[in-house]
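**Student:** Take a look at the following structure, please.
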Amino acid sequence: MPVWKLATAIVALALLLIGCDRDDPQAALEMAVQSLQESVENKDNGELMARIHPEFNANQRLDRDWVRRTAALMFLRHNNVRVIALNARSWIDPAYSDKGYSEAQVALTGAERWLPQRVGQYHVRLEWWLEDGEWLLARLDWE
């Protein structure tokens with residue numbers, strides 16, 4: 001396949017995905033969840049914090065600063081960080097279209113090389129708020 005055809009196909013796919021974000025809140029929510037996961041796995045504290053709402057609250061007592069400090073510590077401590085989400089599902093609140101939710105069983109691993117040295121398994125529930133067309137994580141609870 002010629003390079004220009006491949007480039008055209010990639011651009012068309014990107015435009016289609018961008019269009020889905022604006023028209024489909026469910027797709028945008030799922031992309032926000034994916035972006036959050038990728039920011040953790042890529043150890044990108046800036047991108048991670050860009051996904052966190054200013055009024056963030058975790059387990060009714062932890063704030064945005066806790067996210068920043070915890071992520072920085074995890075990123076410094078482990079060369080490789082992975083988030084494995086099982087039974088993940090996301091949905092838009094039927095009564096409030098500016099609120100979305102995600103639930104999953106999550107395994108969070110940290111490793112220096114290939115084998116995990118630390119593994120934590122949690123049931124997480126995330127509450128997302130739509131702000132200026134972007135889904136931001138506002139609430140996080142885990143067991």
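Labeling convention for the structure tokens: chains A, B, ... as they appear, residues from 1 per chain, ligands from 1 in order of appearance.
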Would you pick out the contacts of A:Met49 at 10 Å or less, using only C-alpha atoms, so that residues sharing its chain but fewer than 2 positions from it are not included, and give the list as a PyMOL selection string?

**Tutor:** chain A and resi 36+39+44-47+51-54+64-65+67-68+71+136-137

**Student:** If you keep C-alpha atoms, can you produce a file of those selected residues as a CSV table (one decimal), in the first residue's frame?

**Tutor:**
chain,number,residue,atom,x,y,z
A,36,LEU,CA,-6.2,8.2,32.7
A,39,SER,CA,-1.1,8.5,31.9
A,44,ASP,CA,3.0,11.2,33.0
A,45,ASN,CA,2.1,13.1,36.1
A,46,GLY,CA,1.2,16.2,34.0
A,47,GLU,CA,-1.3,14.3,31.9
A,51,ARG,CA,-7.6,14.5,34.1
A,52,ILE,CA,-8.3,15.2,37.8
A,53,HIS,CA,-11.1,17.7,38.6
A,54,PRO,CA,-10.2,20.7,40.9
A,64,ARG,CA,-5.8,16.4,44.3
A,65,ASP,CA,-2.6,17.0,46.2
A,67,VAL,CA,-3.1,12.2,43.8
A,68,ARG,CA,0.0,14.2,42.8
A,71,ALA,CA,1.6,9.3,41.7
A,136,LEU,CA,-12.6,15.0,34.6
A,137,LEU,CA,-12.2,12.5,37.4

**Student:** Please identify all polymer residues within 9 Å of A:Met74, counting only C-alpha atoms, omitting same-chain residues fewer than 4 positions from it, and present them as a list in words.

**Tutor:**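 In the requested format, the answer is Lys43, Arg69, Thr70, His78, Val81 and Gly110 of chain A.
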
**Student:** Quick one: residues within 6 Å of stretch 138-143 of chain A, only C-alpha atoms counted, chain neighbours fewer than 5 positions away excluded, as a ChimeraX atom specification?

**Tutor:** /A:53,56-59,122-128

**Student:** Interatomic distance between atom CA of A:Ala28 and atom CA of A:Gln121?

**Tutor:** 26.3 Å

**Student:** Atom CA of A:Leu130 to atom CA of A:Asp98: how many Å, to one decimal?

**Tutor:**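 Going from atom CA of A:Leu130 over to atom CA of A:Asp98 covers 4.8 Å.
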
**Student:** Just to confirm, what's the straight-line distance from atom CA of A:Gly120 to atom CA of A:Val83 in Å (one decimal)?

**Tutor:**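 Between atom CA of A:Gly120 and atom CA of A:Val83 the gap is 9.8 Å.
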